[in-house]
Amino acid sequence: VLRTPGLARGLMVALMFYSIGVFFLLFSVYLQSALHQSALSAGLVFLPFGAGLLLGPLLTAYLKRFAGNYVNPIGMGLETLGLIGMACLISDTAIGASPPTAPLAVLLFVIGFGQGLGLPTLMRMVTGRVAPAFSGMIAGIASSTLQISTALSVAVIGGIFYTLIGDHQSTATITHAFLVAILCIACCLAMGAGLAIKLARQSVETSAFKKQAAR
């Protein structure tokens, strides 16, 4: 079963997908330690992300009519663009000053919306590559891969963040470390989106071949 064509690539997409897991930790550190916001204020900043994460799955079925198997890479692409946009917004903001509220809210919504599109379609993309009898086992493997992805993102990208900070926990140092970290996350998501595009193309070609064979 594990040798099913495309399954290993699908699990690699899952491994890249939750590289964003460390974002919530590091963004909180940036808001509270660099911008000196309270815990409540920092929590409220995440609300647009939550709204996007809620809306994404609700629109997945509708978007699938137009984008088909490309909904997942579209979602991961939106996450990537949102993180890059956030890096540009923060870098254009004076050190120690809060980024403009409206653009930041839009970018967080885009990131959350992308993740909301990507997660349900990711599970279908992985489990759909095997026979129904094995879908439960593969779903468990995919879920474990997502958890490993989160742990690796905290260990690797979080390690990069705190290494860059070192003993100099100034506002400028924390801001620089956060920018590097979110660009690392964006790179991981971009790689996952690239793999997902290849899987989507493979699925389209397979479907076309089956239709021709049926004729």
# chains A, B, ... in the order shown; residues from 1 in each chain; ligands from 1
>>> closest_atom_pairs(of="range 143-172 of chain A", to="range 179-199 of chain A", cutoff="9 Å", atoms="only C-alpha atoms", output="CSV")
residue,atom,partner,partner_atom,distance
A:Ser153,CA,A:Ile185,CA,8.1
A:Ile157,CA,A:Ala181,CA,6.0
A:Gly158,CA,A:Ala181,CA,7.4
A:Ile160,CA,A:Ala181,CA,7.1
A:Phe161,CA,A:Ala181,CA,5.9
A:Leu164,CA,A:Val180,CA,8.9
>>> write_last_selection(atoms="all heavy atoms", output="compact mmCIF listing (two decimals), in the first residue's frame")
# COMPACT_ATOMS: atom_id res chain seq x y z
N SER A 153 8.68 21.78 12.74
CA SER A 153 8.68 23.24 12.52
C SER A 153 9.09 23.97 13.80
O SER A 153 9.84 24.94 13.75
CB SER A 153 7.30 23.71 12.06
OG SER A 153 6.35 23.67 13.10
N ILE A 157 12.62 25.51 12.77
CA ILE A 157 12.43 26.95 12.53
C ILE A 157 12.47 27.72 13.84
O ILE A 157 13.04 28.82 13.92
CB ILE A 157 11.11 27.19 11.76
CG1 ILE A 157 11.14 26.45 10.42
CG2 ILE A 157 10.90 28.69 11.54
CD1 ILE A 157 9.87 26.57 9.61
N GLY A 158 11.88 27.12 14.89
CA GLY A 158 11.98 27.76 16.20
C GLY A 158 13.42 27.84 16.67
O GLY A 158 13.83 28.84 17.28
N ILE A 160 16.04 28.12 14.70
CA ILE A 160 16.66 29.20 13.93
C ILE A 160 16.31 30.55 14.56
O ILE A 160 17.17 31.43 14.71
CB ILE A 160 16.19 29.14 12.46
CG1 ILE A 160 16.74 27.89 11.77
CG2 ILE A 160 16.62 30.41 11.70
CD1 ILE A 160 16.17 27.65 10.38
N PHE A 161 15.04 30.72 14.93
CA PHE A 161 14.56 31.97 15.53
C PHE A 161 15.34 32.30 16.80
O PHE A 161 15.89 33.41 16.94
CB PHE A 161 13.07 31.83 15.83
CG PHE A 161 12.47 33.00 16.55
CD1 PHE A 161 12.10 34.15 15.86
CD2 PHE A 161 12.25 32.96 17.93
CE1 PHE A 161 11.53 35.23 16.52
CE2 PHE A 161 11.69 34.03 18.59
CZ PHE A 161 11.33 35.17 17.90
N LEU A 164 19.08 33.10 16.26
CA LEU A 164 19.30 34.47 15.76
C LEU A 164 19.15 35.50 16.88
O LEU A 164 19.84 36.51 16.89
CB LEU A 164 18.33 34.78 14.62
CG LEU A 164 18.57 34.03 13.31
CD1 LEU A 164 17.45 34.29 12.33
CD2 LEU A 164 19.91 34.45 12.70
>>> closest_residue(among="A:Ala139, A:Leu40, A:Ile165, A:Ala133", to="Pro120 in chain A", atoms="only C-alpha atoms")
A:Ala139
>>> residues_around(residues="range 144-150 of chain A", least_positions_apart="6", cutoff="12 Å", atoms="only C-alpha atoms", output="PyMOL selection string")
chain A and resi 8+10-25+119+122-123+126+137-138+156-158+185+188-189+192
>>> residues_around(residues="range 96-102 of chain A", least_positions_apart="6", cutoff="9 Å", atoms="only C-alpha atoms", output="number ranges by chain")
A: 31, 34-36, 45, 89-90, 171-172, 175
>>> write_last_selection(atoms="C-alpha atoms", output="PDB file, in the first residue's frame")
ATOM      1  CA  LEU A  31       3.857  40.783  19.387  1.00  0.00           C
ATOM      2  CA  ALA A  34       9.107  43.157  20.361  1.00  0.00           C
ATOM      3  CA  LEU A  35       5.918  45.243  20.248  1.00  0.00           C
ATOM      4  CA  HIS A  36       5.163  44.935  23.987  1.00  0.00           C
ATOM      5  CA  VAL A  45      -4.594  40.021  16.452  1.00  0.00           C
ATOM      6  CA  LEU A  89       4.806  44.687   5.764  1.00  0.00           C
ATOM      7  CA  ILE A  90       6.872  44.216   8.924  1.00  0.00           C
ATOM      8  CA  THR A 171      13.268  44.685  19.558  1.00  0.00           C
ATOM      9  CA  ALA A 172      15.386  44.828  16.399  1.00  0.00           C
ATOM     10  CA  THR A 175      11.977  41.440  14.576  1.00  0.00           C
TER      11      THR A 175
END
>>> residues_around(residues="Arg129 in chain A", least_positions_apart="6", cutoff="9 Å", atoms="only C-alpha atoms", output="PyMOL selection string")
chain A and resi 4-7+10+135
>>> write_last_selection(atoms="C-alpha atoms", output="mmCIF file, in the first residue's frame")
data_model
loop_
_atom_site.group_PDB
_atom_site.id
_atom_site.type_symbol
_atom_site.label_atom_id
_atom_site.label_comp_id
_atom_site.auth_asym_id
_atom_site.auth_seq_id
_atom_site.Cartn_x
_atom_site.Cartn_y
_atom_site.Cartn_z
ATOM 1 C CA THR A 4 1.066 3.315 -4.206
ATOM 2 C CA PRO A 5 2.069 5.871 -6.881
ATOM 3 C CA GLY A 6 1.894 9.409 -5.550
ATOM 4 C CA LEU A 7 1.355 8.402 -1.911
ATOM 5 C CA GLY A 10 1.297 13.253 -0.845
ATOM 6 C CA SER A 135 -8.068 4.670 3.587
#
>>> atom_distance(atom1="CA of Ala155 in chain A", atom2="CA of Ile174 in chain A")
17.5 Å
>>> closest_residue(among="A:Tyr70, A:Tyr30, A:Phe49, A:Phe113", to="Gln169 in chain A", atoms="only C-alpha atoms")
A:Tyr30
>>> residues_around(residues="Asn69 in chain A", least_positions_apart="2", cutoff="12 Å", atoms="only C-alpha atoms", output="PyMOL selection string")
chain A and resi 60-61+63-67+71-75+117-118+120-126+128+196-205+207
>>> atom_distance(atom1="CA of Glu79 in chain A", atom2="CA of Gly112 in chain A")
7.3 Å
>>> decode(residues="range 121-135 of chain A", atoms="all heavy atoms", output="PDB file, in the first residue's frame")
ATOM      1  N   THR A 121      -8.664  19.249   1.732  1.00  0.00           N
ATOM      2  CA  THR A 121      -8.291  18.714   0.415  1.00  0.00           C
ATOM      3  C   THR A 121      -7.007  17.888   0.503  1.00  0.00           C
ATOM      4  O   THR A 121      -6.817  16.956  -0.283  1.00  0.00           O
ATOM      5  CB  THR A 121      -8.104  19.856  -0.592  1.00  0.00           C
ATOM      6  OG1 THR A 121      -7.202  20.841  -0.045  1.00  0.00           O
ATOM      7  CG2 THR A 121      -9.420  20.534  -0.897  1.00  0.00           C
ATOM      8  N   LEU A 122      -6.132  18.208   1.454  1.00  0.00           N
ATOM      9  CA  LEU A 122      -4.915  17.428   1.642  1.00  0.00           C
ATOM     10  C   LEU A 122      -5.255  15.997   2.061  1.00  0.00           C
ATOM     11  O   LEU A 122      -4.708  15.034   1.514  1.00  0.00           O
ATOM     12  CB  LEU A 122      -4.023  18.085   2.692  1.00  0.00           C
ATOM     13  CG  LEU A 122      -2.801  17.281   3.144  1.00  0.00           C
ATOM     14  CD1 LEU A 122      -1.840  17.072   1.988  1.00  0.00           C
ATOM     15  CD2 LEU A 122      -2.099  17.974   4.298  1.00  0.00           C
ATOM     16  N   MET A 123      -6.158  15.861   3.026  1.00  0.00           N
ATOM     17  CA  MET A 123      -6.523  14.528   3.483  1.00  0.00           C
ATOM     18  C   MET A 123      -7.166  13.717   2.363  1.00  0.00           C
ATOM     19  O   MET A 123      -6.884  12.521   2.213  1.00  0.00           O
ATOM     20  CB  MET A 123      -7.473  14.634   4.680  1.00  0.00           C
ATOM     21  CG  MET A 123      -6.857  15.308   5.900  1.00  0.00           C
ATOM     22  SD  MET A 123      -5.321  14.495   6.458  1.00  0.00           S
ATOM     23  CE  MET A 123      -5.979  12.927   7.046  1.00  0.00           C
ATOM     24  N   ARG A 124      -8.019  14.353   1.575  1.00  0.00           N
ATOM     25  CA  ARG A 124      -8.628  13.638   0.444  1.00  0.00           C
ATOM     26  C   ARG A 124      -7.589  13.264  -0.595  1.00  0.00           C
ATOM     27  O   ARG A 124      -7.657  12.201  -1.218  1.00  0.00           O
ATOM     28  CB  ARG A 124      -9.720  14.508  -0.189  1.00  0.00           C
ATOM     29  CG  ARG A 124     -11.011  14.555   0.600  1.00  0.00           C
ATOM     30  CD  ARG A 124     -12.173  15.013  -0.275  1.00  0.00           C
ATOM     31  NE  ARG A 124     -11.965  16.372  -0.755  1.00  0.00           N
ATOM     32  CZ  ARG A 124     -12.390  17.451  -0.121  1.00  0.00           C
ATOM     33  NH1 ARG A 124     -13.029  17.326   1.034  1.00  0.00           N
ATOM     34  NH2 ARG A 124     -12.198  18.638  -0.624  1.00  0.00           N
ATOM     35  N   MET A 125      -6.620  14.158  -0.800  1.00  0.00           N
ATOM     36  CA  MET A 125      -5.586  13.922  -1.791  1.00  0.00           C
ATOM     37  C   MET A 125      -4.729  12.712  -1.416  1.00  0.00           C
ATOM     38  O   MET A 125      -4.298  11.944  -2.275  1.00  0.00           O
ATOM     39  CB  MET A 125      -4.694  15.161  -1.918  1.00  0.00           C
ATOM     40  CG  MET A 125      -3.622  15.072  -2.984  1.00  0.00           C
ATOM     41  SD  MET A 125      -2.787  16.664  -3.221  1.00  0.00           S
ATOM     42  CE  MET A 125      -2.029  16.899  -1.619  1.00  0.00           C
ATOM     43  N   VAL A 126      -4.481  12.534  -0.113  1.00  0.00           N
ATOM     44  CA  VAL A 126      -3.656  11.419   0.349  1.00  0.00           C
ATOM     45  C   VAL A 126      -4.455  10.125   0.404  1.00  0.00           C
ATOM     46  O   VAL A 126      -4.058   9.106  -0.148  1.00  0.00           O
ATOM     47  CB  VAL A 126      -3.042  11.741   1.731  1.00  0.00           C
ATOM     48  CG1 VAL A 126      -2.279  10.528   2.272  1.00  0.00           C
ATOM     49  CG2 VAL A 126      -2.102  12.935   1.630  1.00  0.00           C
ATOM     50  N   THR A 127      -5.603  10.161   1.091  1.00  0.00           N
ATOM     51  CA  THR A 127      -6.385   8.928   1.262  1.00  0.00           C
ATOM     52  C   THR A 127      -7.012   8.461  -0.049  1.00  0.00           C
ATOM     53  O   THR A 127      -7.269   7.263  -0.219  1.00  0.00           O
ATOM     54  CB  THR A 127      -7.495   9.125   2.305  1.00  0.00           C
ATOM     55  OG1 THR A 127      -8.347  10.212   1.903  1.00  0.00           O
ATOM     56  CG2 THR A 127      -6.896   9.452   3.668  1.00  0.00           C
ATOM     57  N   GLY A 128      -7.251   9.392  -0.968  1.00  0.00           N
ATOM     58  CA  GLY A 128      -7.866   9.025  -2.234  1.00  0.00           C
ATOM     59  C   GLY A 128      -6.957   8.252  -3.166  1.00  0.00           C
ATOM     60  O   GLY A 128      -7.412   7.767  -4.213  1.00  0.00           O
ATOM     61  N   ARG A 129      -5.692   8.110  -2.812  1.00  0.00           N
ATOM     62  CA  ARG A 129      -4.746   7.407  -3.682  1.00  0.00           C
ATOM     63  C   ARG A 129      -4.714   5.910  -3.410  1.00  0.00           C
ATOM     64  O   ARG A 129      -4.012   5.165  -4.095  1.00  0.00           O
ATOM     65  CB  ARG A 129      -3.343   8.009  -3.528  1.00  0.00           C
ATOM     66  CG  ARG A 129      -3.304   9.521  -3.637  1.00  0.00           C
ATOM     67  CD  ARG A 129      -1.928  10.034  -3.955  1.00  0.00           C
ATOM     68  NE  ARG A 129      -1.616   9.847  -5.370  1.00  0.00           N
ATOM     69  CZ  ARG A 129      -2.037  10.654  -6.343  1.00  0.00           C
ATOM     70  NH1 ARG A 129      -2.794  11.685  -6.063  1.00  0.00           N
ATOM     71  NH2 ARG A 129      -1.697  10.422  -7.589  1.00  0.00           N
ATOM     72  N   VAL A 130      -5.419   5.464  -2.386  1.00  0.00           N
ATOM     73  CA  VAL A 130      -5.433   4.045  -2.048  1.00  0.00           C
ATOM     74  C   VAL A 130      -6.858   3.519  -2.105  1.00  0.00           C
ATOM     75  O   VAL A 130      -7.818   4.291  -2.142  1.00  0.00           O
ATOM     76  CB  VAL A 130      -4.832   3.791  -0.644  1.00  0.00           C
ATOM     77  CG1 VAL A 130      -3.387   4.238  -0.594  1.00  0.00           C
ATOM     78  CG2 VAL A 130      -5.640   4.499   0.431  1.00  0.00           C
ATOM     79  N   ALA A 131      -6.989   2.191  -2.083  1.00  0.00           N
ATOM     80  CA  ALA A 131      -8.312   1.573  -2.075  1.00  0.00           C
ATOM     81  C   ALA A 131      -9.048   1.941  -0.789  1.00  0.00           C
ATOM     82  O   ALA A 131      -8.416   2.150   0.250  1.00  0.00           O
ATOM     83  CB  ALA A 131      -8.163   0.061  -2.187  1.00  0.00           C
ATOM     84  N   PRO A 132     -10.390   2.014  -0.856  1.00  0.00           N
ATOM     85  CA  PRO A 132     -11.159   2.385   0.348  1.00  0.00           C
ATOM     86  C   PRO A 132     -10.845   1.534   1.571  1.00  0.00           C
ATOM     87  O   PRO A 132     -10.914   2.023   2.697  1.00  0.00           O
ATOM     88  CB  PRO A 132     -12.605   2.194  -0.106  1.00  0.00           C
ATOM     89  CG  PRO A 132     -12.571   2.411  -1.586  1.00  0.00           C
ATOM     90  CD  PRO A 132     -11.252   1.859  -2.039  1.00  0.00           C
ATOM     91  N   ALA A 133     -10.485   0.286   1.365  1.00  0.00           N
ATOM     92  CA  ALA A 133     -10.192  -0.600   2.488  1.00  0.00           C
ATOM     93  C   ALA A 133      -8.979  -0.124   3.291  1.00  0.00           C
ATOM     94  O   ALA A 133      -8.851  -0.437   4.479  1.00  0.00           O
ATOM     95  CB  ALA A 133      -9.964  -2.024   1.986  1.00  0.00           C
ATOM     96  N   PHE A 134      -8.082   0.611   2.646  1.00  0.00           N
ATOM     97  CA  PHE A 134      -6.855   1.065   3.310  1.00  0.00           C
ATOM     98  C   PHE A 134      -6.901   2.548   3.676  1.00  0.00           C
ATOM     99  O   PHE A 134      -5.929   3.086   4.212  1.00  0.00           O
ATOM    100  CB  PHE A 134      -5.641   0.824   2.408  1.00  0.00           C
ATOM    101  CG  PHE A 134      -5.413  -0.622   2.079  1.00  0.00           C
ATOM    102  CD1 PHE A 134      -5.759  -1.130   0.840  1.00  0.00           C
ATOM    103  CD2 PHE A 134      -4.860  -1.487   3.017  1.00  0.00           C
ATOM    104  CE1 PHE A 134      -5.554  -2.472   0.529  1.00  0.00           C
ATOM    105  CE2 PHE A 134      -4.647  -2.818   2.721  1.00  0.00           C
ATOM    106  CZ  PHE A 134      -5.003  -3.322   1.478  1.00  0.00           C
ATOM    107  N   SER A 135      -8.009   3.218   3.379  1.00  0.00           N
ATOM    108  CA  SER A 135      -8.068   4.670   3.587  1.00  0.00           C
ATOM    109  C   SER A 135      -7.940   5.048   5.060  1.00  0.00           C
ATOM    110  O   SER A 135      -7.346   6.072   5.392  1.00  0.00           O
ATOM    111  CB  SER A 135      -9.369   5.230   3.012  1.00  0.00           C
ATOM    112  OG  SER A 135     -10.493   4.639   3.643  1.00  0.00           O
TER     113      SER A 135
END
